[in-house]
Structure formats: C-alpha cells, structure tokens
file entry.pdb (PDB, C-alpha atoms, pLDDT in the B column)
ATOM      1  CA  MET A 148      21.587-229.559  -4.561  1.00 66.00           C
ATOM      2  CA  ASP A 149      21.269-225.816  -5.196  1.00 87.00           C
ATOM      3  CA  LEU A 150      22.093-225.111  -8.842  1.00 93.00           C
ATOM      4  CA  SER A 151      23.214-221.563  -9.593  1.00 96.00           C
ATOM      5  CA  ILE A 152      22.290-220.505 -13.144  1.00 97.00           C
ATOM      6  CA  VAL A 153      23.725-217.431 -14.884  1.00 97.00           C
ATOM      7  CA  VAL A 154      23.589-216.203 -18.474  1.00 98.00           C
ATOM      8  CA  LYS A 155      26.711-214.468 -19.764  1.00 98.00           C
ATOM      9  CA  ARG A 156      27.848-213.092 -23.084  1.00 98.00           C
ATOM     10  CA  SER A 157      30.542-215.437 -24.373  1.00 97.00           C
ATOM     11  CA  SER A 158      32.805-212.420 -24.945  1.00 97.00           C
ATOM     12  CA  GLU A 159      32.635-211.654 -21.202  1.00 97.00           C
ATOM     13  CA  LEU A 160      33.677-215.102 -19.968  1.00 96.00           C
ATOM     14  CA  THR A 161      36.877-215.274 -17.976  1.00 93.00           C
ATOM     15  CA  ALA A 162      39.697-217.566 -19.076  1.00 95.00           C
ATOM     16  CA  ALA A 163      38.871-219.852 -16.131  1.00 92.00           C
ATOM     17  CA  GLU A 164      35.195-220.021 -17.137  1.00 92.00           C
ATOM     18  CA  ARG A 165      36.157-220.845 -20.730  1.00 93.00           C
ATOM     19  CA  GLU A 166      38.414-223.609 -19.476  1.00 94.00           C
ATOM     20  CA  GLU A 167      35.706-225.052 -17.208  1.00 93.00           C
ATOM     21  CA  LEU A 168      33.134-224.936 -20.029  1.00 95.00           C
ATOM     22  CA  GLY A 169      35.600-226.661 -22.363  1.00 93.00           C
ATOM     23  CA  THR A 170      36.239-229.379 -19.808  1.00 92.00           C
ATOM     24  CA  VAL A 171      32.516-230.001 -19.206  1.00 94.00           C
ATOM     25  CA  GLY A 172      31.794-230.110 -22.950  1.00 92.00           C
ATOM     26  CA  GLY A 173      34.763-232.390 -23.644  1.00 90.00           C
ATOM     27  CA  LEU A 174      33.717-234.851 -20.935  1.00 91.00           C
ATOM     28  CA  ALA A 175      30.008-234.699 -21.828  1.00 90.00           C
ATOM     29  CA  PHE A 176      30.625-235.466 -25.509  1.00 85.00           C
ATOM     30  CA  ALA A 177      33.589-237.863 -25.111  1.00 81.00           C
ATOM     31  CA  GLY A 178      33.139-240.971 -27.207  1.00 69.00           C
ATOM     32  CA  GLN A 179      30.104-239.643 -29.067  1.00 69.00           C
ATOM     33  CA  SER A 180      30.191-239.512 -32.818  1.00 62.00           C
ATOM     34  CA  GLY A 181      28.369-237.115 -35.092  1.00 60.00           C
ATOM     35  CA  GLY A 182      28.923-233.534 -36.054  1.00 63.00           C
ATOM     36  CA  GLU A 183      32.640-233.821 -36.769  1.00 72.00           C
ATOM     37  CA  GLU A 184      31.997-233.200 -40.464  1.00 82.00           C
ATOM     38  CA  TYR A 185      30.657-229.688 -39.823  1.00 91.00           C
ATOM     39  CA  THR A 186      32.228-226.346 -38.953  1.00 94.00           C
ATOM     40  CA  TRP A 187      30.199-224.845 -36.079  1.00 95.00           C
ATOM     41  CA  ALA A 188      29.402-221.286 -35.006  1.00 96.00           C
ATOM     42  CA  SER A 189      30.621-220.058 -31.638  1.00 95.00           C
ATOM     43  CA  SER A 190      27.969-219.324 -29.028  1.00 96.00           C
ATOM     44  CA  GLN A 191      27.223-215.677 -28.311  1.00 98.00           C
ATOM     45  CA  TRP A 192      25.748-216.404 -24.866  1.00 98.00           C
ATOM     46  CA  GLN A 193      26.322-219.170 -22.364  1.00 98.00           C
ATOM     47  CA  VAL A 194      23.813-220.409 -19.832  1.00 98.00           C
ATOM     48  CA  ILE A 195      26.020-221.787 -17.071  1.00 97.00           C
ATOM     49  CA  GLY A 196      24.972-224.086 -14.258  1.00 97.00           C
ATOM     50  CA  SER A 197      27.250-224.293 -11.222  1.00 96.00           C
ATOM     51  CA  LEU A 198      27.197-226.290  -8.014  1.00 94.00           C
ATOM     52  CA  GLU A 199      29.312-224.990  -5.135  1.00 90.00           C
ATOM     53  CA  GLY A 200      31.108-222.664  -7.571  1.00 90.00           C
ATOM     54  CA  LYS A 201      32.032-225.408 -10.038  1.00 93.00           C
ATOM     55  CA  VAL A 202      30.597-225.428 -13.595  1.00 95.00           C
ATOM     56  CA  VAL A 203      28.662-228.659 -14.137  1.00 95.00           C
ATOM     57  CA  SER A 204      26.351-227.868 -17.074  1.00 97.00           C
ATOM     58  CA  SER A 205      26.020-225.397 -19.945  1.00 97.00           C
ATOM     59  CA  VAL A 206      23.903-224.375 -22.916  1.00 98.00           C
ATOM     60  CA  GLY A 207      25.104-222.168 -25.773  1.00 98.00           C
ATOM     61  CA  ILE A 208      22.903-219.618 -27.552  1.00 98.00           C
ATOM     62  CA  VAL A 209      23.384-217.966 -30.952  1.00 98.00           C
ATOM     63  CA  VAL A 210      21.045-215.248 -32.272  1.00 98.00           C
ATOM     64  CA  ARG A 211      20.684-214.923 -36.009  1.00 98.00           C
ATOM     65  CA  ASP A 212      18.373-213.621 -38.681  1.00 98.00           C
ATOM     66  CA  ALA A 213      17.629-216.593 -40.916  1.00 98.00           C
ATOM     67  CA  LEU A 214      15.225-217.398 -43.736  1.00 98.00           C
ATOM     68  CA  VAL A 215      12.355-219.863 -43.870  1.00 97.00           C
ATOM     69  CA  ASP A 216      10.928-220.269 -47.346  1.00 95.00           C
ATOM     70  CA  GLY A 217      12.660-216.973 -48.164  1.00 96.00           C
ATOM     71  CA  LEU A 218      10.999-215.059 -45.305  1.00 95.00           C
ATOM     72  CA  PRO A 219      13.114-213.497 -42.516  1.00 97.00           C
ATOM     73  CA  VAL A 220      12.874-215.114 -39.080  1.00 98.00           C
ATOM     74  CA  ARG A 221      14.825-214.101 -35.967  1.00 98.00           C
ATOM     75  CA  LEU A 222      16.156-217.258 -34.344  1.00 98.00           C
ATOM     76  CA  GLY A 223      17.718-218.138 -31.034  1.00 98.00           C
ATOM     77  CA  GLY A 224      19.874-221.164 -31.732  1.00 98.00           C
ATOM     78  CA  ILE A 225      20.612-223.703 -29.029  1.00 98.00           C
ATOM     79  CA  GLY A 226      23.805-225.738 -29.165  1.00 95.00           C
ATOM     80  CA  GLY A 227      26.400-227.394 -26.993  1.00 93.00           C
ATOM     81  CA  VAL A 228      23.965-228.617 -24.326  1.00 96.00           C
ATOM     82  CA  ALA A 229      26.361-230.385 -21.970  1.00 95.00           C
ATOM     83  CA  THR A 230      26.453-231.715 -18.421  1.00 95.00           C
ATOM     84  CA  HIS A 231      29.483-233.154 -16.663  1.00 95.00           C
ATOM     85  CA  PRO A 232      29.081-236.975 -16.637  1.00 94.00           C
ATOM     86  CA  GLU A 233      29.117-237.090 -12.823  1.00 93.00           C
ATOM     87  CA  TRP A 234      26.042-234.850 -12.769  1.00 92.00           C
ATOM     88  CA  GLN A 235      24.020-236.233 -15.689  1.00 94.00           C
ATOM     89  CA  LYS A 236      20.471-237.602 -15.315  1.00 93.00           C
ATOM     90  CA  ARG A 237      19.637-235.182 -12.480  1.00 94.00           C
ATOM     91  CA  GLY A 238      17.650-232.584 -14.438  1.00 94.00           C
ATOM     92  CA  LEU A 239      20.429-229.982 -14.635  1.00 96.00           C
ATOM     93  CA  ALA A 240      20.298-229.615 -18.429  1.00 96.00           C
ATOM     94  CA  SER A 241      16.516-229.315 -18.206  1.00 97.00           C
ATOM     95  CA  GLN A 242      16.849-226.449 -15.726  1.00 97.00           C
ATOM     96  CA  LEU A 243      19.365-224.692 -17.971  1.00 97.00           C
ATOM     97  CA  MET A 244      17.150-225.195 -21.033  1.00 98.00           C
ATOM     98  CA  VAL A 245      14.165-223.665 -19.194  1.00 98.00           C
ATOM     99  CA  ARG A 246      16.349-220.640 -18.384  1.00 98.00           C
ATOM    100  CA  ALA A 247      17.693-220.481 -21.975  1.00 98.00           C
ATOM    101  CA  ASN A 248      14.153-220.669 -23.383  1.00 98.00           C
ATOM    102  CA  ALA A 249      12.998-217.774 -21.182  1.00 98.00           C
ATOM    103  CA  TYR A 250      16.131-215.737 -21.951  1.00 98.00           C
ATOM    104  CA  MET A 251      15.648-216.117 -25.708  1.00 98.00           C
ATOM    105  CA  ARG A 252      11.995-215.057 -25.456  1.00 98.00           C
ATOM    106  CA  ASP A 253      12.210-212.301 -22.833  1.00 98.00           C
ATOM    107  CA  GLU A 254      15.686-210.798 -23.291  1.00 98.00           C
ATOM    108  CA  LEU A 255      16.776-211.642 -26.825  1.00 98.00           C
ATOM    109  CA  LYS A 256      13.260-211.222 -28.273  1.00 98.00           C
ATOM    110  CA  VAL A 257      13.594-213.971 -30.895  1.00 98.00           C
ATOM    111  CA  ASP A 258      10.693-215.250 -32.969  1.00 98.00           C
ATOM    112  CA  PHE A 259      11.624-218.893 -32.377  1.00 98.00           C
ATOM    113  CA  GLY A 260      14.293-221.015 -30.805  1.00 98.00           C
ATOM    114  CA  LEU A 261      15.852-223.555 -33.182  1.00 98.00           C
ATOM    115  CA  LEU A 262      18.068-226.545 -32.595  1.00 98.00           C
ATOM    116  CA  GLY A 263      19.239-229.614 -34.438  1.00 96.00           C
ATOM    117  CA  CYS A 264      19.626-232.874 -32.550  1.00 94.00           C
ATOM    118  CA  GLY A 265      19.902-236.614 -32.948  1.00 91.00           C
ATOM    119  CA  GLU A 266      16.795-238.773 -32.948  1.00 94.00           C
ATOM    120  CA  HIS A 267      17.677-239.993 -29.425  1.00 91.00           C
ATOM    121  CA  ARG A 268      17.421-236.430 -27.991  1.00 93.00           C
ATOM    122  CA  LYS A 269      14.046-235.547 -29.556  1.00 96.00           C
ATOM    123  CA  HIS A 270      12.035-236.653 -26.505  1.00 96.00           C
ATOM    124  CA  PHE A 271      14.204-234.605 -24.110  1.00 96.00           C
ATOM    125  CA  TYR A 272      13.678-231.358 -26.026  1.00 98.00           C
ATOM    126  CA  GLY A 273      10.040-232.199 -26.754  1.00 97.00           C
ATOM    127  CA  SER A 274       9.397-232.465 -23.015  1.00 97.00           C
ATOM    128  CA  LEU A 275      10.571-228.824 -22.743  1.00 97.00           C
ATOM    129  CA  GLY A 276       8.135-227.492 -25.359  1.00 97.00           C
ATOM    130  CA  TRP A 277      10.239-227.891 -28.508  1.00 98.00           C
ATOM    131  CA  GLN A 278       8.477-229.149 -31.652  1.00 97.00           C
ATOM    132  CA  VAL A 279       9.849-231.101 -34.625  1.00 98.00           C
ATOM    133  CA  VAL A 280       9.560-229.243 -37.948  1.00 97.00           C
ATOM    134  CA  LYS A 281      10.237-230.246 -41.523  1.00 94.00           C
ATOM    135  CA  GLY A 282      13.278-228.947 -43.339  1.00 89.00           C
ATOM    136  CA  PRO A 283      15.512-229.173 -45.044  1.00 96.00           C
ATOM    137  CA  LEU A 284      17.856-227.258 -42.737  1.00 97.00           C
ATOM    138  CA  MET A 285      20.523-225.525 -44.842  1.00 98.00           C
ATOM    139  CA  VAL A 286      23.723-224.167 -43.301  1.00 98.00           C
ATOM    140  CA  ASP A 287      26.883-222.480 -44.519  1.00 98.00           C
ATOM    141  CA  GLN A 288      30.126-224.432 -44.564  1.00 97.00           C
ATOM    142  CA  PRO A 289      33.568-223.615 -45.977  1.00 97.00           C
ATOM    143  CA  SER A 290      32.641-225.682 -49.050  1.00 95.00           C
ATOM    144  CA  GLY A 291      29.321-223.828 -49.549  1.00 97.00           C
ATOM    145  CA  LYS A 292      25.728-224.368 -48.482  1.00 97.00           C
ATOM    146  CA  VAL A 293      24.880-227.901 -47.247  1.00 97.00           C
ATOM    147  CA  GLU A 294      21.969-229.653 -45.572  1.00 96.00           C
ATOM    148  CA  LEU A 295      22.482-230.327 -41.862  1.00 95.00           C
ATOM    149  CA  LYS A 296      21.492-233.905 -41.148  1.00 92.00           C
ATOM    150  CA  ALA A 297      19.645-233.613 -37.837  1.00 94.00           C
ATOM    151  CA  VAL A 298      16.180-233.557 -36.341  1.00 96.00           C
ATOM    152  CA  THR A 299      15.138-229.892 -36.546  1.00 98.00           C
ATOM    153  CA  MET A 300      13.137-228.558 -33.604  1.00 98.00           C
ATOM    154  CA  VAL A 301      11.707-225.122 -32.860  1.00 98.00           C
ATOM    155  CA  LEU A 302      10.371-223.397 -29.768  1.00 98.00           C
ATOM    156  CA  PRO A 303       7.734-220.683 -30.248  1.00 98.00           C
ATOM    157  CA  CYS A 304       8.898-217.478 -28.542  1.00 97.00           C
ATOM    158  CA  LEU A 305       7.476-214.176 -29.836  1.00 97.00           C
ATOM    159  CA  LYS A 306       5.733-215.929 -32.735  1.00 96.00           C
ATOM    160  CA  GLN A 307       3.645-219.080 -32.542  1.00 95.00           C
ATOM    161  CA  ASP A 308       3.163-220.299 -36.122  1.00 95.00           C
ATOM    162  CA  TRP A 309       6.308-221.718 -37.686  1.00 97.00           C
ATOM    163  CA  PRO A 310       6.400-221.105 -41.465  1.00 94.00           C
ATOM    164  CA  GLU A 311       6.938-224.183 -43.627  1.00 93.00           C
ATOM    165  CA  GLY A 312       9.696-224.431 -46.186  1.00 96.00           C
ATOM    166  CA  ILE A 313      13.431-224.565 -46.610  1.00 97.00           C
ATOM    167  CA  ILE A 314      15.244-223.309 -43.505  1.00 98.00           C
ATOM    168  CA  ASP A 315      18.425-221.359 -44.297  1.00 98.00           C
ATOM    169  CA  LEU A 316      20.423-220.456 -41.192  1.00 98.00           C
ATOM    170  CA  CYS A 317      22.371-217.891 -43.267  1.00 98.00           C
ATOM    171  CA  GLY A 318      25.571-218.908 -41.508  1.00 98.00           C
ATOM    172  CA  LEU A 319      27.309-221.745 -39.698  1.00 97.00           C
ATOM    173  CA  PRO A 320      25.206-224.169 -37.642  1.00 97.00           C
ATOM    174  CA  TRP A 321      25.253-223.938 -33.866  1.00 95.00           C
TER
END
call {"tool": "encode", "arguments": {"input": "entry.pdb", "output": "structure tokens"}}
result
Amino acid sequence: MDLSIVVKRSSELTAAEREELGTVGGLAFAGQSGGEEYTWASSQWQVIGSLEGKVVSSVGIVVRDALVDGLPVRLGGIGGVATHPEWQKRGLASQLMVRANAYMRDELKVDFGLLGCGEHRKHFYGSLGWQVVKGPLMVDQPSGKVELKAVTMVLPCLKQDWPEGIIDLCGLPW
C-alpha cells in the first residue's frame, strides 16, 4: 500500500478533485452527529492521500491570525480529517496529519496548530503530538461570537509555550 500524499491550495483543486474530496468526506462522516449547529470556514489547503490515483483520505488546513488572551497568535487550523470507510484504521489519516503538521510548521510558518475535536478523538491527535489546552474557544457565527463546544488541542510549531486565556479564532471555526 503506497500512499501518495500531496498538499494543494484549495483554490487550485480541479472539479474532479473537489468531487472526490466531497465523496470521501461525506462517506467518512455519514451517520455522525455533531457540528451541524455551526457555520464552518472553508479550508485554504488540502492534504490529499491517494492510492492508485484514487483519493482515500484528506485533511483541511486554514491559516489565521487569532487572539489568545488578547495577544496575536498565528494558527494553522486542522479540520475535515476524513478517510474513506473502506480504508479506515490503516494509519492513513495519521500519515496525512504528520504531513499537515510539517507543512504548517515548515511552509506556512504558524506559531501553533489548533483543532477542535470530540472527546473520542483526543487520543488519536495526542498520539501525533497535539496537546489539550483550556479555553474557552470563541468563534464567529452569523448570530455573533459563540463558544465552540469541543476539546481544544494545539500543536507547537514555531512557538512552544501556548499562552493561557480565552481563544478567539477571529472568524469561523474550521
């Protein structure tokens, strides 16, 4: 099983790639609840995993200047981590996350990666170097600023010491 991993700007995806990514995400998240109450940001980059030319896994990345306790922090946001059900539990998402982590640090030059997840995913991300931090995690929504109800995790990239305080993503969640 030779997984091909590429990182592409979302704006440079072909229509076929968008369709494949949509199919993988739809199948990966089918029947899962949670998150429907939020309006989400679109990914700016996609980490795409393919086997024999077919997309089987993906990770979305958003870069944003946010605030933690009022101080500016450059974040690489991870969202939409998805693997086609036929290929789950084989380490594909882990491989894509390792690539996404390196891309955020080395290419995008973010201070920290940040993601929100359910309690059941905390161990997965923790095994890849992500750390749980206290919030609250505030996000923009059409109705105004709200607290995102999720486990908040960060990955040290260019900076190592996460500041404590209210996290304001200064935009939609990812």
call {"tool": "closest_atom_pairs", "arguments": {"input": "entry.pdb", "of": "segment 171-285 of chain A", "to": "segment 301-305 of chain A", "cutoff": "12 Å", "atoms": "only C-alpha atoms", "output": "Markdown table"}}
result
| residue | atom | partner | partner_atom | distance |
| --- | --- | --- | --- | --- |
| A:Val220 | CA | A:Leu305 | CA | 10.7 |
| A:Arg221 | CA | A:Leu305 | CA | 9.6 |
| A:Leu222 | CA | A:Val301 | CA | 9.2 |
| A:Gly223 | CA | A:Leu302 | CA | 9.1 |
| A:Gly224 | CA | A:Val301 | CA | 9.1 |
| A:Ile225 | CA | A:Val301 | CA | 9.8 |
| A:Met244 | CA | A:Leu302 | CA | 11.2 |
| A:Val245 | CA | A:Leu302 | CA | 11.2 |
| A:Ala247 | CA | A:Leu302 | CA | 11.1 |
| A:Asn248 | CA | A:Leu302 | CA | 7.9 |
| A:Ala249 | CA | A:Cys304 | CA | 8.4 |
| A:Tyr250 | CA | A:Cys304 | CA | 9.9 |
| A:Met251 | CA | A:Cys304 | CA | 7.4 |
| A:Arg252 | CA | A:Cys304 | CA | 5.0 |
| A:Asp253 | CA | A:Cys304 | CA | 8.4 |
| A:Glu254 | CA | A:Cys304 | CA | 10.9 |
| A:Leu255 | CA | A:Cys304 | CA | 10.0 |
| A:Lys256 | CA | A:Leu305 | CA | 6.7 |
| A:Val257 | CA | A:Leu305 | CA | 6.2 |
| A:Asp258 | CA | A:Leu305 | CA | 4.6 |
| A:Phe259 | CA | A:Pro303 | CA | 4.8 |
| A:Gly260 | CA | A:Leu302 | CA | 4.7 |
| A:Leu261 | CA | A:Val301 | CA | 4.4 |
| A:Leu262 | CA | A:Val301 | CA | 6.5 |
| A:Gly263 | CA | A:Val301 | CA | 8.9 |
| A:Cys264 | CA | A:Val301 | CA | 11.1 |
| A:Lys269 | CA | A:Val301 | CA | 11.2 |
| A:Tyr272 | CA | A:Leu302 | CA | 9.4 |
| A:Gly273 | CA | A:Leu302 | CA | 9.3 |
| A:Ser274 | CA | A:Leu302 | CA | 11.3 |
| A:Leu275 | CA | A:Leu302 | CA | 8.9 |
| A:Gly276 | CA | A:Leu302 | CA | 6.4 |
| A:Trp277 | CA | A:Leu302 | CA | 4.7 |
| A:Gln278 | CA | A:Val301 | CA | 5.3 |
| A:Val279 | CA | A:Val301 | CA | 6.5 |
| A:Val280 | CA | A:Val301 | CA | 6.9 |
| A:Lys281 | CA | A:Val301 | CA | 10.2 |
| A:Gly282 | CA | A:Val301 | CA | 11.3 |
| A:Leu284 | CA | A:Val301 | CA | 11.8 |
call {"tool": "write_last_selection", "arguments": {"input": "entry.pdb", "atoms": "C-alpha atoms", "output": "compact mmCIF listing (two decimals), in the frame of the given file"}}
result
# COMPACT_ATOMS: atom_id res chain seq x y z
CA VAL A 220 12.87 -215.11 -39.08
CA ARG A 221 14.82 -214.10 -35.97
CA LEU A 222 16.16 -217.26 -34.34
CA GLY A 223 17.72 -218.14 -31.03
CA GLY A 224 19.87 -221.16 -31.73
CA ILE A 225 20.61 -223.70 -29.03
CA MET A 244 17.15 -225.20 -21.03
CA VAL A 245 14.16 -223.66 -19.19
CA ALA A 247 17.69 -220.48 -21.98
CA ASN A 248 14.15 -220.67 -23.38
CA ALA A 249 13.00 -217.77 -21.18
CA TYR A 250 16.13 -215.74 -21.95
CA MET A 251 15.65 -216.12 -25.71
CA ARG A 252 12.00 -215.06 -25.46
CA ASP A 253 12.21 -212.30 -22.83
CA GLU A 254 15.69 -210.80 -23.29
CA LEU A 255 16.78 -211.64 -26.82
CA LYS A 256 13.26 -211.22 -28.27
CA VAL A 257 13.59 -213.97 -30.90
CA ASP A 258 10.69 -215.25 -32.97
CA PHE A 259 11.62 -218.89 -32.38
CA GLY A 260 14.29 -221.02 -30.80
CA LEU A 261 15.85 -223.56 -33.18
CA LEU A 262 18.07 -226.54 -32.60
CA GLY A 263 19.24 -229.61 -34.44
CA CYS A 264 19.63 -232.87 -32.55
CA LYS A 269 14.05 -235.55 -29.56
CA TYR A 272 13.68 -231.36 -26.03
CA GLY A 273 10.04 -232.20 -26.75
CA SER A 274 9.40 -232.46 -23.02
CA LEU A 275 10.57 -228.82 -22.74
CA GLY A 276 8.14 -227.49 -25.36
CA TRP A 277 10.24 -227.89 -28.51
CA GLN A 278 8.48 -229.15 -31.65
CA VAL A 279 9.85 -231.10 -34.62
CA VAL A 280 9.56 -229.24 -37.95
CA LYS A 281 10.24 -230.25 -41.52
CA GLY A 282 13.28 -228.95 -43.34
CA LEU A 284 17.86 -227.26 -42.74
call {"tool": "closest_residue", "arguments": {"input": "entry.pdb", "among": "A:Val154, A:Ala240, A:Ile208, A:Ala177", "to": "Trp321 of chain A", "atoms": "all atoms listed in the file"}}
result
A:Ile208
call {"tool": "atom_distance", "arguments": {"input": "entry.pdb", "atom1": "atom CA of Leu295 of chain A", "atom2": "atom CA of Pro320 of chain A"}}
result
7.9 Å
call {"tool": "resolve_selection", "arguments": {"input": "entry.pdb", "expression": "the PyMOL selection byres ((chain A and resi 227-234) around 9)", "output": "compact mmCIF listing (two decimals) with C-alpha atoms, in the frame of the given file"}}
result
# COMPACT_ATOMS: atom_id res chain seq x y z
CA LEU A 168 33.13 -224.94 -20.03
CA THR A 170 36.24 -229.38 -19.81
CA VAL A 171 32.52 -230.00 -19.21
CA GLY A 172 31.79 -230.11 -22.95
CA GLY A 173 34.76 -232.39 -23.64
CA LEU A 174 33.72 -234.85 -20.94
CA ALA A 175 30.01 -234.70 -21.83
CA PHE A 176 30.62 -235.47 -25.51
CA SER A 190 27.97 -219.32 -29.03
CA GLY A 196 24.97 -224.09 -14.26
CA VAL A 202 30.60 -225.43 -13.60
CA VAL A 203 28.66 -228.66 -14.14
CA SER A 204 26.35 -227.87 -17.07
CA SER A 205 26.02 -225.40 -19.94
CA VAL A 206 23.90 -224.38 -22.92
CA GLY A 207 25.10 -222.17 -25.77
CA ILE A 208 22.90 -219.62 -27.55
CA ILE A 225 20.61 -223.70 -29.03
CA GLY A 226 23.80 -225.74 -29.16
CA GLN A 235 24.02 -236.23 -15.69
CA LYS A 236 20.47 -237.60 -15.32
CA ARG A 237 19.64 -235.18 -12.48
CA GLY A 238 17.65 -232.58 -14.44
CA LEU A 239 20.43 -229.98 -14.64
CA ALA A 240 20.30 -229.62 -18.43
CA LEU A 243 19.36 -224.69 -17.97
CA MET A 244 17.15 -225.20 -21.03
CA TRP A 321 25.25 -223.94 -33.87
call {"tool": "atom_distance", "arguments": {"input": "entry.pdb", "atom1": "atom CA of Glu311 of chain A", "atom2": "atom CA of Arg268 of chain A"}}
result
22.5 Å
call {"tool": "atom_distance", "arguments": {"input": "entry.pdb", "atom1": "atom CA of Ile313 of chain A", "atom2": "atom CA of Gln191 of chain A"}}
result
24.6 Å
call {"tool": "residues_near_point", "arguments": {"input": "entry.pdb", "point": "(8.4, -219.0, -44.3)", "cutoff": "6 Å", "atoms": "all atoms listed in the file", "output": "list in words"}}
result
Val215, Asp216, Leu218, Pro310, Glu311 and Gly312 of chain A
call {"tool": "resolve_selection", "arguments": {"input": "entry.pdb", "expression": "the PyMOL selection byres ((chain A and resi 285) around 7)", "output": "PDB file with C-alpha atoms, keeping the file's coordinate frame"}}
result
ATOM      1  CA  PRO A 283      15.512-229.173 -45.044  1.00 96.00           C
ATOM      2  CA  LEU A 284      17.856-227.258 -42.737  1.00 97.00           C
ATOM      3  CA  VAL A 286      23.723-224.167 -43.301  1.00 98.00           C
ATOM      4  CA  LYS A 292      25.728-224.368 -48.482  1.00 97.00           C
ATOM      5  CA  VAL A 293      24.880-227.901 -47.247  1.00 97.00           C
ATOM      6  CA  GLU A 294      21.969-229.653 -45.572  1.00 96.00           C
ATOM      7  CA  LEU A 295      22.482-230.327 -41.862  1.00 95.00           C
ATOM      8  CA  ILE A 314      15.244-223.309 -43.505  1.00 98.00           C
ATOM      9  CA  ASP A 315      18.425-221.359 -44.297  1.00 98.00           C
ATOM     10  CA  LEU A 316      20.423-220.456 -41.192  1.00 98.00           C
TER      11      LEU A 316
END
call {"tool": "residues_around", "arguments": {"input": "entry.pdb", "residues": "Ser158 of chain A", "least_positions_apart": "3", "cutoff": "9 Å", "atoms": "all atoms listed in the file", "output": "count of residues only"}}
result
4
call {"tool": "closest_residue", "arguments": {"input": "entry.pdb", "among": "A:Ala213, A:Glu167, A:Val194, A:Arg156", "to": "Ser241 of chain A", "atoms": "all atoms listed in the file"}}
result
A:Val194
call {"tool": "closest_residue", "arguments": {"input": "entry.pdb", "among": "A:Ala188, A:Ala297, A:Cys317, A:Ile195", "to": "Val209 of chain A", "atoms": "only C-alpha atoms"}}
result
A:Ala188
call {"tool": "residues_around", "arguments": {"input": "entry.pdb", "residues": "Leu198 of chain A", "least_positions_apart": "3", "cutoff": "9 Å", "atoms": "all atoms listed in the file", "output": "list in words"}}
result
Met148, Asp149, Leu150, Ser151, Lys201, Val202 and Val203 of chain A
call {"tool": "closest_residue", "arguments": {"input": "entry.pdb", "among": "A:Gln288, A:Gln193, A:Gln307, A:Gln242", "to": "Glu159 of chain A", "atoms": "all atoms listed in the file"}}
result
A:Gln193
